[in-house]
>>> print(open('start_32.txt').read())   # compact mmCIF, N, CA and C atoms
# COMPACT_ATOMS: atom_id res chain seq x y z
N MET A 1 169.16 227.24 61.61
CA MET A 1 169.17 226.11 62.50
C MET A 1 170.47 225.33 62.37
N GLU A 2 171.09 225.38 61.21
CA GLU A 2 172.33 224.63 61.03
C GLU A 2 173.41 225.15 61.98
N LEU A 3 173.45 226.45 62.21
CA LEU A 3 174.41 226.99 63.18
C LEU A 3 174.14 226.44 64.58
N TYR A 4 172.89 226.42 64.96
CA TYR A 4 172.53 225.93 66.29
C TYR A 4 172.84 224.44 66.45
N ALA A 5 172.71 223.69 65.36
CA ALA A 5 173.01 222.25 65.41
C ALA A 5 174.48 222.03 65.75
N GLY A 6 175.34 222.98 65.42
CA GLY A 6 176.76 222.85 65.71
C GLY A 6 177.15 223.33 67.09
N GLY A 7 176.21 223.95 67.81
CA GLY A 7 176.50 224.43 69.16
C GLY A 7 176.70 223.27 70.13
N ARG A 8 177.82 223.29 70.84
CA ARG A 8 178.13 222.17 71.74
C ARG A 8 177.94 222.51 73.21
N SER A 9 177.62 223.73 73.50
CA SER A 9 177.43 224.13 74.90
C SER A 9 176.45 225.29 74.96
N LYS A 10 175.97 225.59 76.15
CA LYS A 10 175.07 226.73 76.31
C LYS A 10 175.78 228.02 75.94
N LYS A 11 177.07 228.12 76.27
CA LYS A 11 177.82 229.33 75.93
C LYS A 11 177.90 229.51 74.42
N GLU A 12 178.15 228.43 73.68
CA GLU A 12 178.20 228.52 72.22
C GLU A 12 176.84 228.91 71.66
N LEU A 13 175.76 228.40 72.23
CA LEU A 13 174.42 228.76 71.77
C LEU A 13 174.14 230.25 72.00
N VAL A 14 174.60 230.77 73.12
CA VAL A 14 174.45 232.21 73.40
C VAL A 14 175.27 233.01 72.37
N ASN A 15 176.47 232.54 72.06
CA ASN A 15 177.29 233.22 71.05
C ASN A 15 176.62 233.21 69.69
N ILE A 16 175.98 232.10 69.35
CA ILE A 16 175.25 232.01 68.08
C ILE A 16 174.08 232.98 68.09
N ASP A 17 173.35 233.06 69.20
CA ASP A 17 172.26 234.02 69.32
C ASP A 17 172.75 235.44 69.06
N THR A 18 173.87 235.78 69.65
CA THR A 18 174.43 237.12 69.47
C THR A 18 174.80 237.35 68.01
N PHE A 19 175.45 236.37 67.41
CA PHE A 19 175.87 236.48 66.02
C PHE A 19 174.69 236.66 65.08
N VAL A 20 173.66 235.85 65.19
CA VAL A 20 172.54 235.90 64.25
C VAL A 20 171.59 237.06 64.50
N SER A 21 171.74 237.74 65.62
CA SER A 21 170.83 238.85 65.92
C SER A 21 170.94 239.99 64.90
N ASP A 22 172.03 240.05 64.18
CA ASP A 22 172.23 241.09 63.16
C ASP A 22 171.68 240.71 61.78
N PHE A 23 171.14 239.50 61.67
CA PHE A 23 170.68 239.01 60.38
C PHE A 23 169.18 238.85 60.35
N LYS A 24 168.62 238.94 59.14
CA LYS A 24 167.20 238.65 58.95
C LYS A 24 167.05 237.13 58.87
N ILE A 25 166.15 236.59 59.63
CA ILE A 25 165.90 235.15 59.63
C ILE A 25 164.70 234.89 58.71
N SER A 26 164.86 233.97 57.77
CA SER A 26 163.76 233.58 56.88
C SER A 26 163.30 232.18 57.25
N PHE A 27 162.01 231.99 57.28
CA PHE A 27 161.45 230.69 57.63
C PHE A 27 160.93 230.00 56.38
N LEU A 28 160.84 228.70 56.45
CA LEU A 28 160.35 227.92 55.32
C LEU A 28 158.92 228.29 54.97
N THR A 29 158.67 228.34 53.69
CA THR A 29 157.33 228.55 53.16
C THR A 29 157.03 227.40 52.20
N LYS A 30 155.82 227.36 51.70
CA LYS A 30 155.47 226.34 50.72
C LYS A 30 156.34 226.48 49.48
N GLU A 31 156.56 227.71 49.02
CA GLU A 31 157.39 227.96 47.84
C GLU A 31 158.83 227.45 48.05
N ILE A 32 159.39 227.73 49.21
CA ILE A 32 160.75 227.27 49.51
C ILE A 32 160.80 225.75 49.55
N SER A 33 159.82 225.15 50.19
CA SER A 33 159.77 223.68 50.28
C SER A 33 159.64 223.04 48.91
N GLU A 34 158.83 223.62 48.05
CA GLU A 34 158.66 223.08 46.70
C GLU A 34 159.95 223.20 45.89
N GLN A 35 160.65 224.33 46.03
CA GLN A 35 161.92 224.50 45.33
C GLN A 35 162.94 223.49 45.84
N ALA A 36 163.01 223.32 47.15
CA ALA A 36 163.95 222.37 47.74
C ALA A 36 163.67 220.95 47.26
N LEU A 37 162.42 220.58 47.20
CA LEU A 37 162.06 219.24 46.73
C LEU A 37 162.44 219.04 45.27
N ALA A 38 162.19 220.04 44.44
CA ALA A 38 162.55 219.94 43.02
C ALA A 38 164.06 219.76 42.87
N TRP A 39 164.85 220.55 43.59
CA TRP A 39 166.30 220.42 43.52
C TRP A 39 166.79 219.11 44.11
N MET A 40 166.16 218.66 45.18
CA MET A 40 166.56 217.38 45.78
C MET A 40 166.35 216.25 44.78
N LYS A 41 165.22 216.26 44.10
CA LYS A 41 164.96 215.22 43.09
C LYS A 41 165.98 215.29 41.96
N GLU A 42 166.35 216.50 41.57
CA GLU A 42 167.25 216.68 40.44
C GLU A 42 168.72 216.40 40.80
N PHE A 43 169.15 216.79 42.00
CA PHE A 43 170.57 216.79 42.30
C PHE A 43 171.05 215.81 43.37
N ARG A 44 170.16 215.15 44.07
CA ARG A 44 170.58 214.25 45.15
C ARG A 44 171.50 213.15 44.65
N SER A 45 171.10 212.48 43.60
CA SER A 45 171.90 211.33 43.15
C SER A 45 173.21 211.76 42.48
N SER A 46 173.22 212.88 41.79
CA SER A 46 174.43 213.28 41.06
C SER A 46 175.42 214.07 41.92
N TYR A 47 174.92 214.81 42.92
CA TYR A 47 175.81 215.63 43.74
C TYR A 47 175.80 215.26 45.22
N GLY A 48 174.92 214.35 45.61
CA GLY A 48 174.86 213.93 47.01
C GLY A 48 174.42 215.04 47.96
N VAL A 49 173.65 215.98 47.45
CA VAL A 49 173.22 217.13 48.26
C VAL A 49 172.43 216.66 49.48
N GLU A 50 172.68 217.30 50.60
CA GLU A 50 172.00 216.99 51.86
C GLU A 50 170.79 217.92 52.04
N ILE A 51 169.84 217.47 52.82
CA ILE A 51 168.60 218.24 52.99
C ILE A 51 168.85 219.62 53.60
N ASN A 52 169.75 219.71 54.58
CA ASN A 52 169.99 221.02 55.19
C ASN A 52 170.56 222.01 54.16
N ASP A 53 171.47 221.55 53.32
CA ASP A 53 172.04 222.45 52.32
C ASP A 53 171.02 222.85 51.26
N ILE A 54 170.18 221.93 50.86
CA ILE A 54 169.20 222.25 49.83
C ILE A 54 168.12 223.18 50.38
N LEU A 55 167.78 223.06 51.66
CA LEU A 55 166.82 224.00 52.27
C LEU A 55 167.42 225.40 52.38
N ILE A 56 168.69 225.48 52.72
CA ILE A 56 169.36 226.78 52.78
C ILE A 56 169.38 227.41 51.38
N ALA A 57 169.75 226.62 50.39
CA ALA A 57 169.80 227.13 49.01
C ALA A 57 168.43 227.58 48.53
N ALA A 58 167.41 226.78 48.77
CA ALA A 58 166.07 227.13 48.33
C ALA A 58 165.56 228.38 49.03
N THR A 59 165.91 228.55 50.28
CA THR A 59 165.51 229.76 51.01
C THR A 59 166.19 230.99 50.41
N ALA A 60 167.50 230.90 50.17
CA ALA A 60 168.22 232.02 49.57
C ALA A 60 167.68 232.34 48.18
N PHE A 61 167.41 231.31 47.40
CA PHE A 61 166.89 231.49 46.04
C PHE A 61 165.50 232.13 46.08
N SER A 62 164.61 231.60 46.89
CA SER A 62 163.23 232.08 46.94
C SER A 62 163.10 233.48 47.52
N THR A 63 164.02 233.88 48.37
CA THR A 63 163.98 235.21 48.97
C THR A 63 164.93 236.18 48.27
N ASN A 64 165.57 235.69 47.19
CA ASN A 64 166.52 236.51 46.43
C ASN A 64 167.58 237.13 47.34
N THR A 65 168.18 236.26 48.16
CA THR A 65 169.15 236.70 49.16
C THR A 65 170.53 236.14 48.84
N ALA A 66 171.52 237.01 48.87
CA ALA A 66 172.90 236.56 48.74
C ALA A 66 173.29 235.85 50.03
N PHE A 67 174.10 234.81 49.89
CA PHE A 67 174.56 234.13 51.09
C PHE A 67 175.96 233.58 50.87
N ILE A 68 176.58 233.18 51.95
CA ILE A 68 177.94 232.67 51.90
C ILE A 68 178.01 231.36 52.66
N SER A 69 178.87 230.49 52.19
CA SER A 69 179.09 229.22 52.86
C SER A 69 180.55 228.85 52.73
N LYS A 70 181.10 228.32 53.79
CA LYS A 70 182.46 227.80 53.73
C LYS A 70 182.52 226.59 52.80
N ASN A 71 181.41 225.88 52.71
CA ASN A 71 181.31 224.68 51.88
C ASN A 71 180.75 225.04 50.49
N GLN A 72 181.53 225.74 49.71
CA GLN A 72 181.11 226.20 48.40
C GLN A 72 180.65 225.06 47.50
N LYS A 73 181.29 223.90 47.60
CA LYS A 73 180.94 222.78 46.72
C LYS A 73 179.52 222.28 46.95
N HIS A 74 178.94 222.59 48.10
CA HIS A 74 177.57 222.16 48.38
C HIS A 74 176.55 222.92 47.55
N TYR A 75 176.97 224.03 46.95
CA TYR A 75 176.04 224.91 46.25
C TYR A 75 176.44 225.27 44.82
N GLN A 76 177.65 225.00 44.41
CA GLN A 76 178.15 225.48 43.12
C GLN A 76 177.37 224.96 41.92
N PHE A 77 176.72 223.85 42.04
CA PHE A 77 175.95 223.29 40.92
C PHE A 77 174.59 223.97 40.75
N LEU A 78 174.23 224.85 41.67
CA LEU A 78 172.97 225.60 41.59
C LEU A 78 173.28 226.99 41.05
N SER A 79 173.29 227.12 39.73
CA SER A 79 173.79 228.33 39.08
C SER A 79 172.93 229.57 39.33
N ASP A 80 171.69 229.41 39.73
CA ASP A 80 170.81 230.57 39.93
C ASP A 80 170.96 231.22 41.30
N LEU A 81 171.82 230.68 42.15
CA LEU A 81 172.00 231.23 43.49
C LEU A 81 172.94 232.41 43.48
N ASN A 82 172.75 233.32 44.41
CA ASN A 82 173.68 234.42 44.62
C ASN A 82 174.62 234.00 45.75
N LEU A 83 175.52 233.07 45.43
CA LEU A 83 176.47 232.52 46.39
C LEU A 83 177.73 233.36 46.38
N LEU A 84 178.04 233.97 47.52
CA LEU A 84 179.25 234.78 47.64
C LEU A 84 180.45 233.88 47.86
N GLU A 85 181.61 234.31 47.38
CA GLU A 85 182.82 233.51 47.55
C GLU A 85 183.27 233.51 49.00
N TYR A 86 183.82 232.38 49.40
CA TYR A 86 184.41 232.26 50.73
C TYR A 86 185.91 232.08 50.58
N PRO A 87 186.73 232.76 51.33
CA PRO A 87 186.34 233.78 52.32
C PRO A 87 185.89 235.06 51.65
N TRP A 88 185.00 235.73 52.30
CA TRP A 88 184.39 236.93 51.75
C TRP A 88 185.20 238.14 52.18
N SER A 89 185.49 239.04 51.24
CA SER A 89 186.26 240.23 51.56
C SER A 89 185.41 241.49 51.56
N GLY A 90 184.12 241.35 51.25
CA GLY A 90 183.24 242.52 51.18
C GLY A 90 182.83 243.01 52.56
N VAL A 91 182.22 244.16 52.55
CA VAL A 91 181.73 244.73 53.82
C VAL A 91 180.26 244.97 53.72
>>> encode(input="start_32.txt", output="structure tokens")
Amino acid sequence: MELYAGGRSKKELVNIDTFVSDFKISFLTKEISEQALAWMKEFRSSYGVEINDILIAATAFSTNTAFISKNQKHYQFLSDLNLLEYPWSGV
């Protein structure tokens, strides 16, 4: 949803649809929500983590999924994540 929030036109939304069609989409579960809440309580005041970033992190953590973000600093304090370096050179 964060990608869609950045879409400024119908054309950009169509481009986002095309881009994400190659990826598996994971939806929030109770487990993901509980993990996000625990991290929000622990890290909000010290790192200023935002809800969208913590939900993304909790989803990746709970589904054991590697992910990448241009905003590495939003996730670096969560050592259990499989956060890929940006820019990514892998295939």
>>> closest_residue(input="start_32.txt", among="A:Thr63, A:Asn52, A:Ser45, A:Asn82", to="Ile32 (chain A)", atoms="all atoms listed in the file")
A:Thr63
>>> closest_atom_pairs(input="start_32.txt", of="region 44-83 of chain A", to="region 13-26 of chain A", cutoff="12 Å", atoms="only C-alpha atoms", output="tab-separated table")
residue	atom	partner	partner_atom	distance
A:Leu55	CA	A:Ser26	CA	11.1
A:Ile56	CA	A:Ser26	CA	9.7
A:Ala57	CA	A:Ser26	CA	11.8
A:Ala58	CA	A:Ser26	CA	11.0
A:Thr59	CA	A:Ser26	CA	7.2
A:Ala60	CA	A:Ser26	CA	8.7
A:Phe61	CA	A:Ser26	CA	11.5
A:Ser62	CA	A:Ser26	CA	10.1
A:Thr63	CA	A:Ser26	CA	8.1
A:Asn64	CA	A:Ser26	CA	11.2
A:Thr65	CA	A:Ser26	CA	9.9
A:Ala66	CA	A:Lys24	CA	11.9
A:Phe67	CA	A:Phe23	CA	11.2
>>> write_last_selection(input="start_32.txt", atoms="N, CA and C atoms", output="compact mmCIF listing (two decimals), in the coordinates of the input")
# COMPACT_ATOMS: atom_id res chain seq x y z
N LEU A 55 167.78 223.06 51.66
CA LEU A 55 166.82 224.00 52.27
C LEU A 55 167.42 225.40 52.38
N ILE A 56 168.69 225.48 52.72
CA ILE A 56 169.36 226.78 52.78
C ILE A 56 169.38 227.41 51.38
N ALA A 57 169.75 226.62 50.39
CA ALA A 57 169.80 227.13 49.01
C ALA A 57 168.43 227.58 48.53
N ALA A 58 167.41 226.78 48.77
CA ALA A 58 166.07 227.13 48.33
C ALA A 58 165.56 228.38 49.03
N THR A 59 165.91 228.55 50.28
CA THR A 59 165.51 229.76 51.01
C THR A 59 166.19 230.99 50.41
N ALA A 60 167.50 230.90 50.17
CA ALA A 60 168.22 232.02 49.57
C ALA A 60 167.68 232.34 48.18
N PHE A 61 167.41 231.31 47.40
CA PHE A 61 166.89 231.49 46.04
C PHE A 61 165.50 232.13 46.08
N SER A 62 164.61 231.60 46.89
CA SER A 62 163.23 232.08 46.94
C SER A 62 163.10 233.48 47.52
N THR A 63 164.02 233.88 48.37
CA THR A 63 163.98 235.21 48.97
C THR A 63 164.93 236.18 48.27
N ASN A 64 165.57 235.69 47.19
CA ASN A 64 166.52 236.51 46.43
C ASN A 64 167.58 237.13 47.34
N THR A 65 168.18 236.26 48.16
CA THR A 65 169.15 236.70 49.16
C THR A 65 170.53 236.14 48.84
N ALA A 66 171.52 237.01 48.87
CA ALA A 66 172.90 236.56 48.74
C ALA A 66 173.29 235.85 50.03
N PHE A 67 174.10 234.81 49.89
CA PHE A 67 174.56 234.13 51.09
C PHE A 67 175.96 233.58 50.87
>>> select_by_dssp(input="start_32.txt", residues="chain A", states="strand (DSSP E)", output="VMD selection string")
chain A and resid 67 to 68 83 to 84
>>> write_last_selection(input="start_32.txt", atoms="N, CA and C atoms", output="tab-separated table (two decimals), keeping the file's coordinate frame")
chain	number	residue	atom	x	y	z
A	67	PHE	N	174.10	234.81	49.89
A	67	PHE	CA	174.56	234.13	51.09
A	67	PHE	C	175.96	233.58	50.87
A	68	ILE	N	176.58	233.18	51.95
A	68	ILE	CA	177.94	232.67	51.90
A	68	ILE	C	178.01	231.36	52.66
A	83	LEU	N	175.52	233.07	45.43
A	83	LEU	CA	176.47	232.52	46.39
A	83	LEU	C	177.73	233.36	46.38
A	84	LEU	N	178.04	233.97	47.52
A	84	LEU	CA	179.25	234.78	47.64
A	84	LEU	C	180.45	233.88	47.86
>>> atom_distance(input="start_32.txt", atom1="atom N of Gln72 (chain A)", atom2="atom C of Asp53 (chain A)")
11.0 Å
>>> atom_distance(input="start_32.txt", atom1="atom C of Glu12 (chain A)", atom2="CA of Asn71 (chain A)")
20.7 Å
>>> atom_distance(input="start_32.txt", atom1="CA of Tyr75 (chain A)", atom2="CA of Ala38 (chain A)")
14.7 Å
>>> residues_around(input="start_32.txt", residues="Met40 (chain A)", least_positions_apart="4", cutoff="7 Å", atoms="only C-alpha atoms", output="VMD selection string")
chain A and resid 36 44 54
